[in-house]
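> You'll find model.cif just under this line, and it carries mmCIF, C-alpha atoms.
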```cif
data_run
loop_
_atom_site.group_PDB
_atom_site.id
_atom_site.type_symbol
_atom_site.label_atom_id
_atom_site.label_comp_id
_atom_site.auth_asym_id
_atom_site.auth_seq_id
_atom_site.Cartn_x
_atom_site.Cartn_y
_atom_site.Cartn_z
ATOM 1 C CA MET Q 17 -116.168 27.163 -48.446
ATOM 2 C CA ALA Q 18 -114.585 30.013 -50.381
ATOM 3 C CA VAL Q 19 -116.110 31.107 -53.696
ATOM 4 C CA SER Q 20 -114.802 33.409 -56.422
ATOM 5 C CA THR Q 21 -115.651 34.188 -60.028
ATOM 6 C CA LYS Q 22 -113.445 35.229 -62.950
ATOM 7 C CA SER Q 23 -115.065 36.595 -66.111
ATOM 8 C CA HIS Q 24 -113.738 35.678 -69.537
ATOM 9 C CA ASP Q 25 -114.908 36.561 -73.033
ATOM 10 C CA ARG Q 26 -118.149 34.565 -73.069
ATOM 11 C CA SER Q 27 -118.176 32.637 -69.825
ATOM 12 C CA GLU Q 28 -117.367 32.807 -66.149
ATOM 13 C CA GLU Q 29 -114.936 30.569 -64.356
ATOM 14 C CA GLN Q 30 -116.333 29.566 -60.976
ATOM 15 C CA HIS Q 31 -113.921 28.704 -58.130
ATOM 16 C CA PHE Q 32 -114.770 26.839 -54.927
ATOM 17 C CA GLN Q 33 -112.543 25.695 -52.087
ATOM 18 C CA TRP Q 34 -113.157 22.864 -49.627
ATOM 19 C CA PRO Q 35 -111.129 20.758 -47.184
ATOM 20 C CA ALA Q 36 -109.587 17.499 -48.400
ATOM 21 C CA ALA Q 37 -112.383 15.289 -47.096
ATOM 22 C CA PRO Q 38 -114.503 12.573 -48.731
ATOM 23 C CA GLU Q 39 -117.632 14.755 -48.746
ATOM 24 C CA THR Q 40 -115.779 17.251 -50.960
ATOM 25 C CA VAL Q 41 -116.358 14.943 -53.941
ATOM 26 C CA LEU Q 42 -120.121 15.191 -53.469
ATOM 27 C CA LEU Q 43 -119.961 18.974 -52.916
ATOM 28 C CA ALA Q 44 -117.949 19.505 -56.110
ATOM 29 C CA ARG Q 45 -120.218 17.225 -58.125
ATOM 30 C CA ARG Q 46 -123.327 19.055 -56.862
ATOM 31 C CA ARG Q 47 -121.785 22.449 -57.622
ATOM 32 C CA ALA Q 48 -120.844 21.302 -61.133
ATOM 33 C CA ALA Q 49 -124.374 19.977 -61.703
ATOM 34 C CA THR Q 50 -125.839 23.309 -60.617
ATOM 35 C CA LEU Q 51 -123.580 25.218 -63.015
ATOM 36 C CA LEU Q 52 -124.396 22.841 -65.889
ATOM 37 C CA ASP Q 53 -128.126 23.032 -65.174
ATOM 38 C CA ALA Q 54 -127.964 26.844 -65.241
ATOM 39 C CA ASP Q 55 -126.403 26.702 -68.723
ATOM 40 C CA ARG Q 56 -129.367 24.663 -70.084
ATOM 41 C CA GLN Q 57 -127.547 23.826 -73.324
ATOM 42 C CA VAL Q 58 -125.459 20.877 -72.169
ATOM 43 C CA ALA Q 59 -126.810 17.547 -73.441
ATOM 44 C CA SER Q 60 -127.586 14.972 -70.742
ATOM 45 C CA LEU Q 61 -124.923 12.464 -71.888
ATOM 46 C CA THR Q 62 -122.280 15.192 -71.986
ATOM 47 C CA ARG Q 63 -123.463 16.397 -68.562
ATOM 48 C CA ALA Q 64 -122.994 12.890 -67.161
ATOM 49 C CA ASP Q 65 -119.475 12.713 -68.636
ATOM 50 C CA ILE Q 66 -118.554 16.094 -67.147
ATOM 51 C CA LEU Q 67 -119.812 15.067 -63.712
ATOM 52 C CA LEU Q 68 -117.818 11.843 -63.930
ATOM 53 C CA VAL Q 69 -114.637 13.795 -64.732
ATOM 54 C CA VAL Q 70 -115.327 16.154 -61.810
ATOM 55 C CA SER Q 71 -115.790 13.186 -59.477
ATOM 56 C CA GLU Q 72 -112.584 11.490 -60.646
ATOM 57 C CA LEU Q 73 -110.380 14.600 -60.403
ATOM 58 C CA VAL Q 74 -111.708 15.642 -56.987
ATOM 59 C CA SER Q 75 -111.514 12.052 -55.687
ATOM 60 C CA ASN Q 76 -107.854 11.894 -56.695
ATOM 61 C CA ALA Q 77 -107.123 15.208 -54.967
ATOM 62 C CA VAL Q 78 -108.860 14.047 -51.780
ATOM 63 C CA ARG Q 79 -107.157 10.660 -51.800
ATOM 64 C CA HIS Q 80 -103.655 11.554 -52.969
ATOM 65 C CA GLY Q 81 -103.293 15.307 -52.434
ATOM 66 C CA VAL Q 82 -103.033 17.677 -49.513
ATOM 67 C CA GLY Q 83 -105.878 20.091 -48.745
ATOM 68 C CA PRO Q 84 -107.473 22.440 -49.112
ATOM 69 C CA ILE Q 85 -108.823 21.548 -52.556
ATOM 70 C CA GLU Q 86 -109.832 24.184 -55.073
ATOM 71 C CA PHE Q 87 -112.353 23.251 -57.746
ATOM 72 C CA ALA Q 88 -112.846 25.471 -60.795
ATOM 73 C CA MET Q 89 -115.174 25.072 -63.757
ATOM 74 C CA GLU Q 90 -115.767 27.179 -66.821
ATOM 75 C CA ILE Q 91 -118.452 26.534 -69.427
ATOM 76 C CA GLY Q 92 -117.215 27.927 -72.726
ATOM 77 C CA PRO Q 93 -118.825 28.060 -76.154
ATOM 78 C CA ASP Q 94 -117.407 24.691 -77.259
ATOM 79 C CA HIS Q 95 -116.028 22.990 -74.143
ATOM 80 C CA VAL Q 96 -116.149 22.796 -70.364
ATOM 81 C CA HIS Q 97 -112.891 23.343 -68.489
ATOM 82 C CA VAL Q 98 -112.551 21.610 -65.114
ATOM 83 C CA ALA Q 99 -109.555 22.167 -62.829
ATOM 84 C CA VAL Q 100 -108.786 20.736 -59.394
ATOM 85 C CA THR Q 101 -105.891 22.102 -57.342
ATOM 86 C CA ASP Q 102 -104.395 20.645 -54.188
ATOM 87 C CA GLN Q 103 -101.324 21.544 -52.167
ATOM 88 C CA GLY Q 104 -99.619 18.145 -52.460
ATOM 89 C CA PRO Q 105 -96.181 17.989 -54.065
ATOM 90 C CA SER Q 106 -96.684 14.820 -56.072
ATOM 91 C CA ARG Q 107 -97.865 14.602 -59.638
ATOM 92 C CA PRO Q 108 -100.357 11.944 -60.721
ATOM 93 C CA PRO Q 109 -98.667 8.764 -61.899
ATOM 94 C CA PRO Q 110 -98.610 8.037 -65.628
ATOM 95 C CA THR Q 111 -101.851 6.494 -66.810
ATOM 96 C CA ARG Q 112 -101.580 2.739 -67.076
ATOM 97 C CA TRP Q 113 -104.000 -0.143 -67.098
ATOM 98 C CA PRO Q 114 -104.528 -1.531 -63.588
ATOM 99 C CA ALA Q 115 -104.722 -5.243 -62.892
ATOM 100 C CA ALA Q 116 -108.130 -6.701 -63.708
ATOM 101 C CA THR Q 117 -108.727 -7.436 -60.007
ATOM 102 C CA SER Q 118 -107.647 -3.985 -58.790
ATOM 103 C CA GLN Q 119 -110.348 -1.788 -57.267
ATOM 104 C CA ASN Q 120 -108.394 1.420 -57.969
ATOM 105 C CA GLY Q 121 -106.336 3.024 -60.683
ATOM 106 C CA ARG Q 122 -108.886 3.725 -63.410
ATOM 107 C CA GLY Q 123 -109.731 7.367 -62.674
ATOM 108 C CA LEU Q 124 -107.277 9.059 -65.012
ATOM 109 C CA LEU Q 125 -107.983 6.458 -67.704
ATOM 110 C CA ILE Q 126 -111.635 7.486 -67.492
ATOM 111 C CA VAL Q 127 -110.671 11.168 -67.667
ATOM 112 C CA ASP Q 128 -108.430 10.422 -70.676
ATOM 113 C CA ALA Q 129 -111.290 8.623 -72.454
ATOM 114 C CA ILE Q 130 -113.803 11.448 -71.894
ATOM 115 C CA ALA Q 131 -111.723 14.630 -72.126
ATOM 116 C CA SER Q 132 -110.582 16.172 -75.377
ATOM 117 C CA ALA Q 133 -107.459 17.257 -73.451
ATOM 118 C CA TRP Q 134 -106.181 16.981 -69.891
ATOM 119 C CA GLY Q 135 -102.986 17.618 -68.015
ATOM 120 C CA VAL Q 136 -101.164 18.642 -64.880
ATOM 121 C CA THR Q 137 -99.793 22.097 -64.101
ATOM 122 C CA ALA Q 138 -97.262 22.579 -61.301
ATOM 123 C CA GLU Q 139 -98.257 25.201 -58.736
ATOM 124 C CA ASP Q 140 -96.325 26.691 -55.836
ATOM 125 C CA PRO Q 141 -97.261 24.826 -53.737
ATOM 126 C CA GLY Q 142 -99.071 21.860 -55.237
ATOM 127 C CA LYS Q 143 -100.519 21.072 -58.619
ATOM 128 C CA THR Q 144 -103.604 21.527 -60.751
ATOM 129 C CA VAL Q 145 -105.065 18.633 -62.700
ATOM 130 C CA TRP Q 146 -107.336 19.940 -65.454
ATOM 131 C CA ALA Q 147 -109.540 18.548 -68.205
ATOM 132 C CA ASP Q 148 -111.403 19.991 -71.168
ATOM 133 C CA ILE Q 149 -114.605 18.237 -72.253
ATOM 134 C CA ALA Q 150 -115.988 19.057 -75.688
ATOM 135 C CA LEU Q 151 -119.550 20.316 -76.002
ATOM 136 C CA PRO Q 152 -120.935 18.855 -79.224
ATOM 137 C CA ASN Q 153 -123.548 20.674 -81.275
ATOM 138 C CA ARG Q 154 -123.320 24.035 -79.537
#
```
What's the structure tokens form of this structure?

Amino acid sequence: MAVSTKSHDRSEEQHFQWPAAPETVLLARRRAATLLDADRQVASLTRADILLVVSELVSNAVRHGVGPIEFAMEIGPDHVHVAVTDQGPSRPPPTRWPAATSQNGRGLLIVDAIASAWGVTAEDPGKTVWADIALPNR
């Protein structure tokens, strides 16, 4: 696992890198929980939403991308920024409602419902899928 830190005005962006493997979802979620717990000002419902977004974005990178996967998170004064980068060339498909019987296809709909903004940035190689989650009452 590679780790780096970038300092910004009032927060630090933490970067972690793991292989594209199923256990990476758990590692990213645990790392995000540790960072949120260190902040001590993130409400428990917001914390749960942030961890769900982390799980969905990393799961998509593991399932559809090409490794290694880089996970970055920054806790700002009014939002948390989450970014997941993989080396795969494809962009996520447009969000659409899956069939009622489908077991997949809801991840980005969940991210869209929770995040105040989200998107995809092309990288060379790969892409970054990012989301901003508002921090109420901070």
> Have a look at atom CA of Leu124 of chain Q and atom CA of Gln57 of chain Q and let me know their distance in Å, one decimal.
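Atom CA of Gln57 of chain Q lies 26.4 Å from atom CA of Leu124 of chain Q.
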> Atom CA of Leu67 of chain Q and atom CA of Glu139 of chain Q are how many Å apart?
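Distance between the two atoms: 24.3 Å.
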> Under the rule that all atoms listed in the file are counted, which of Q:Ala37, Q:Ile126, Q:Val69, Q:Ala64 is the nearest residue to Pro84 of chain Q?
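The closest residue to Pro84 of chain Q is Q:Ala37.
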> Got a sec: who's within 9 Å of His97 of chain Q, counting only C-alpha atoms, leaving out chain neighbours fewer than 5 positions off, as a list in words?
Glu29, Ala88, Met89, Glu90, Ile91, Gly92, Trp146, Ala147, Asp148, Ile149 and Ala150 of chain Q
> Residue by residue, what does the PyMOL selection byres ((chain Q and resi 32) around 12) grab here? Present the result as a VMD selection string.
chain Q and resid 17 to 22 29 to 31 33 to 35 40 43 to 48 74 84 to 90 98 to 101
> Go through Q:Ser71, Q:Ser132, Q:Asn76, Q:Thr137 and flag the residue nearest Val96 of chain Q, using all atoms listed in the file for the distances.
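Distance minimum relative to Val96 of chain Q lands on Q:Ser132.
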> Could all heavy atoms be built for segment 143-154 of chain Q and written out as a PDB file, in the coordinates of the input?

```pdb
ATOM      1  N   LYS Q 143    -100.307  21.347 -57.204  1.00  0.00           N
ATOM      2  CA  LYS Q 143    -100.519  21.072 -58.619  1.00  0.00           C
ATOM      3  C   LYS Q 143    -101.993  21.262 -58.954  1.00  0.00           C
ATOM      4  O   LYS Q 143    -102.848  21.207 -58.077  1.00  0.00           O
ATOM      5  CB  LYS Q 143    -100.112  19.645 -58.948  1.00  0.00           C
ATOM      6  CG  LYS Q 143    -101.032  18.634 -58.264  1.00  0.00           C
ATOM      7  CD  LYS Q 143    -100.512  17.243 -58.341  1.00  0.00           C
ATOM      8  CE  LYS Q 143    -101.169  16.334 -57.344  1.00  0.00           C
ATOM      9  NZ  LYS Q 143    -101.026  16.670 -55.952  1.00  0.00           N
ATOM     10  N   THR Q 144    -102.247  21.479 -60.226  1.00  0.00           N
ATOM     11  CA  THR Q 144    -103.604  21.527 -60.751  1.00  0.00           C
ATOM     12  C   THR Q 144    -103.733  20.452 -61.814  1.00  0.00           C
ATOM     13  O   THR Q 144    -102.915  20.389 -62.734  1.00  0.00           O
ATOM     14  CB  THR Q 144    -103.925  22.903 -61.366  1.00  0.00           C
ATOM     15  OG1 THR Q 144    -103.826  23.898 -60.344  1.00  0.00           O
ATOM     16  CG2 THR Q 144    -105.313  22.929 -61.974  1.00  0.00           C
ATOM     17  N   VAL Q 145    -104.733  19.611 -61.672  1.00  0.00           N
ATOM     18  CA  VAL Q 145    -105.065  18.633 -62.700  1.00  0.00           C
ATOM     19  C   VAL Q 145    -106.314  19.174 -63.394  1.00  0.00           C
ATOM     20  O   VAL Q 145    -107.303  19.502 -62.740  1.00  0.00           O
ATOM     21  CB  VAL Q 145    -105.314  17.234 -62.106  1.00  0.00           C
ATOM     22  CG1 VAL Q 145    -105.592  16.231 -63.228  1.00  0.00           C
ATOM     23  CG2 VAL Q 145    -104.120  16.780 -61.273  1.00  0.00           C
ATOM     24  N   TRP Q 146    -106.249  19.315 -64.709  1.00  0.00           N
ATOM     25  CA  TRP Q 146    -107.336  19.940 -65.454  1.00  0.00           C
ATOM     26  C   TRP Q 146    -107.787  19.028 -66.598  1.00  0.00           C
ATOM     27  O   TRP Q 146    -107.049  18.139 -67.032  1.00  0.00           O
ATOM     28  CB  TRP Q 146    -106.913  21.304 -66.003  1.00  0.00           C
ATOM     29  CG  TRP Q 146    -105.706  21.222 -66.895  1.00  0.00           C
ATOM     30  CD1 TRP Q 146    -104.395  21.341 -66.515  1.00  0.00           C
ATOM     31  CD2 TRP Q 146    -105.687  20.950 -68.293  1.00  0.00           C
ATOM     32  NE1 TRP Q 146    -103.567  21.163 -67.600  1.00  0.00           N
ATOM     33  CE2 TRP Q 146    -104.335  20.926 -68.708  1.00  0.00           C
ATOM     34  CE3 TRP Q 146    -106.680  20.726 -69.248  1.00  0.00           C
ATOM     35  CZ2 TRP Q 146    -103.964  20.693 -70.029  1.00  0.00           C
ATOM     36  CZ3 TRP Q 146    -106.305  20.493 -70.561  1.00  0.00           C
ATOM     37  CH2 TRP Q 146    -104.969  20.487 -70.942  1.00  0.00           C
ATOM     38  N   ALA Q 147    -108.999  19.283 -67.062  1.00  0.00           N
ATOM     39  CA  ALA Q 147    -109.540  18.548 -68.205  1.00  0.00           C
ATOM     40  C   ALA Q 147    -110.485  19.454 -68.979  1.00  0.00           C
ATOM     41  O   ALA Q 147    -111.197  20.270 -68.391  1.00  0.00           O
ATOM     42  CB  ALA Q 147    -110.282  17.299 -67.732  1.00  0.00           C
ATOM     43  N   ASP Q 148    -110.459  19.311 -70.286  1.00  0.00           N
ATOM     44  CA  ASP Q 148    -111.403  19.991 -71.168  1.00  0.00           C
ATOM     45  C   ASP Q 148    -112.310  18.932 -71.787  1.00  0.00           C
ATOM     46  O   ASP Q 148    -111.827  17.942 -72.337  1.00  0.00           O
ATOM     47  CB  ASP Q 148    -110.693  20.754 -72.284  1.00  0.00           C
ATOM     48  CG  ASP Q 148    -109.929  21.958 -71.774  1.00  0.00           C
ATOM     49  OD1 ASP Q 148    -110.300  22.489 -70.708  1.00  0.00           O
ATOM     50  OD2 ASP Q 148    -108.963  22.381 -72.434  1.00  0.00           O
ATOM     51  N   ILE Q 149    -113.626  19.166 -71.705  1.00  0.00           N
ATOM     52  CA  ILE Q 149    -114.605  18.237 -72.253  1.00  0.00           C
ATOM     53  C   ILE Q 149    -115.351  18.980 -73.342  1.00  0.00           C
ATOM     54  O   ILE Q 149    -115.933  20.036 -73.101  1.00  0.00           O
ATOM     55  CB  ILE Q 149    -115.582  17.717 -71.171  1.00  0.00           C
ATOM     56  CG1 ILE Q 149    -114.805  17.004 -70.052  1.00  0.00           C
ATOM     57  CG2 ILE Q 149    -116.589  16.774 -71.770  1.00  0.00           C
ATOM     58  CD1 ILE Q 149    -114.541  17.847 -68.856  1.00  0.00           C
ATOM     59  N   ALA Q 150    -115.337  18.418 -74.551  1.00  0.00           N
ATOM     60  CA  ALA Q 150    -115.988  19.057 -75.688  1.00  0.00           C
ATOM     61  C   ALA Q 150    -117.495  19.088 -75.500  1.00  0.00           C
ATOM     62  O   ALA Q 150    -118.091  18.166 -74.945  1.00  0.00           O
ATOM     63  CB  ALA Q 150    -115.632  18.315 -76.973  1.00  0.00           C
ATOM     64  N   LEU Q 151    -118.101  20.174 -75.984  1.00  0.00           N
ATOM     65  CA  LEU Q 151    -119.550  20.316 -76.002  1.00  0.00           C
ATOM     66  C   LEU Q 151    -120.015  20.199 -77.445  1.00  0.00           C
ATOM     67  O   LEU Q 151    -119.925  21.161 -78.209  1.00  0.00           O
ATOM     68  CB  LEU Q 151    -119.965  21.669 -75.422  1.00  0.00           C
ATOM     69  CG  LEU Q 151    -119.695  21.881 -73.940  1.00  0.00           C
ATOM     70  CD1 LEU Q 151    -120.032  23.307 -73.532  1.00  0.00           C
ATOM     71  CD2 LEU Q 151    -120.492  20.883 -73.107  1.00  0.00           C
ATOM     72  N   PRO Q 152    -120.499  19.030 -77.829  1.00  0.00           N
ATOM     73  CA  PRO Q 152    -120.935  18.855 -79.224  1.00  0.00           C
ATOM     74  C   PRO Q 152    -122.199  19.638 -79.525  1.00  0.00           C
ATOM     75  O   PRO Q 152    -123.025  19.884 -78.638  1.00  0.00           O
ATOM     76  CB  PRO Q 152    -121.168  17.350 -79.326  1.00  0.00           C
ATOM     77  CG  PRO Q 152    -121.419  16.888 -77.935  1.00  0.00           C
ATOM     78  CD  PRO Q 152    -120.675  17.832 -77.035  1.00  0.00           C
ATOM     79  N   ASN Q 153    -122.321  20.042 -80.780  1.00  0.00           N
ATOM     80  CA  ASN Q 153    -123.548  20.674 -81.275  1.00  0.00           C
ATOM     81  C   ASN Q 153    -123.956  21.928 -80.528  1.00  0.00           C
ATOM     82  O   ASN Q 153    -125.120  22.155 -80.237  1.00  0.00           O
ATOM     83  CB  ASN Q 153    -124.720  19.677 -81.245  1.00  0.00           C
ATOM     84  CG  ASN Q 153    -124.384  18.433 -82.006  1.00  0.00           C
ATOM     85  OD1 ASN Q 153    -123.774  18.497 -83.080  1.00  0.00           O
ATOM     86  ND2 ASN Q 153    -124.767  17.288 -81.477  1.00  0.00           N
ATOM     87  N   ARG Q 154    -122.995  22.764 -80.192  1.00  0.00           N
ATOM     88  CA  ARG Q 154    -123.320  24.035 -79.537  1.00  0.00           C
ATOM     89  C   ARG Q 154    -123.106  25.161 -80.467  1.00  0.00           C
ATOM     90  O   ARG Q 154    -122.295  25.178 -81.290  1.00  0.00           O
ATOM     91  CB  ARG Q 154    -122.470  24.229 -78.301  1.00  0.00           C
ATOM     92  CG  ARG Q 154    -123.212  23.765 -77.093  1.00  0.00           C
ATOM     93  CD  ARG Q 154    -122.437  24.003 -75.846  1.00  0.00           C
ATOM     94  NE  ARG Q 154    -122.460  25.388 -75.431  1.00  0.00           N
ATOM     95  CZ  ARG Q 154    -122.794  25.782 -74.232  1.00  0.00           C
ATOM     96  NH1 ARG Q 154    -123.157  24.928 -73.340  1.00  0.00           N
ATOM     97  NH2 ARG Q 154    -122.760  27.020 -73.897  1.00  0.00           N
TER      98      ARG Q 154
END
```
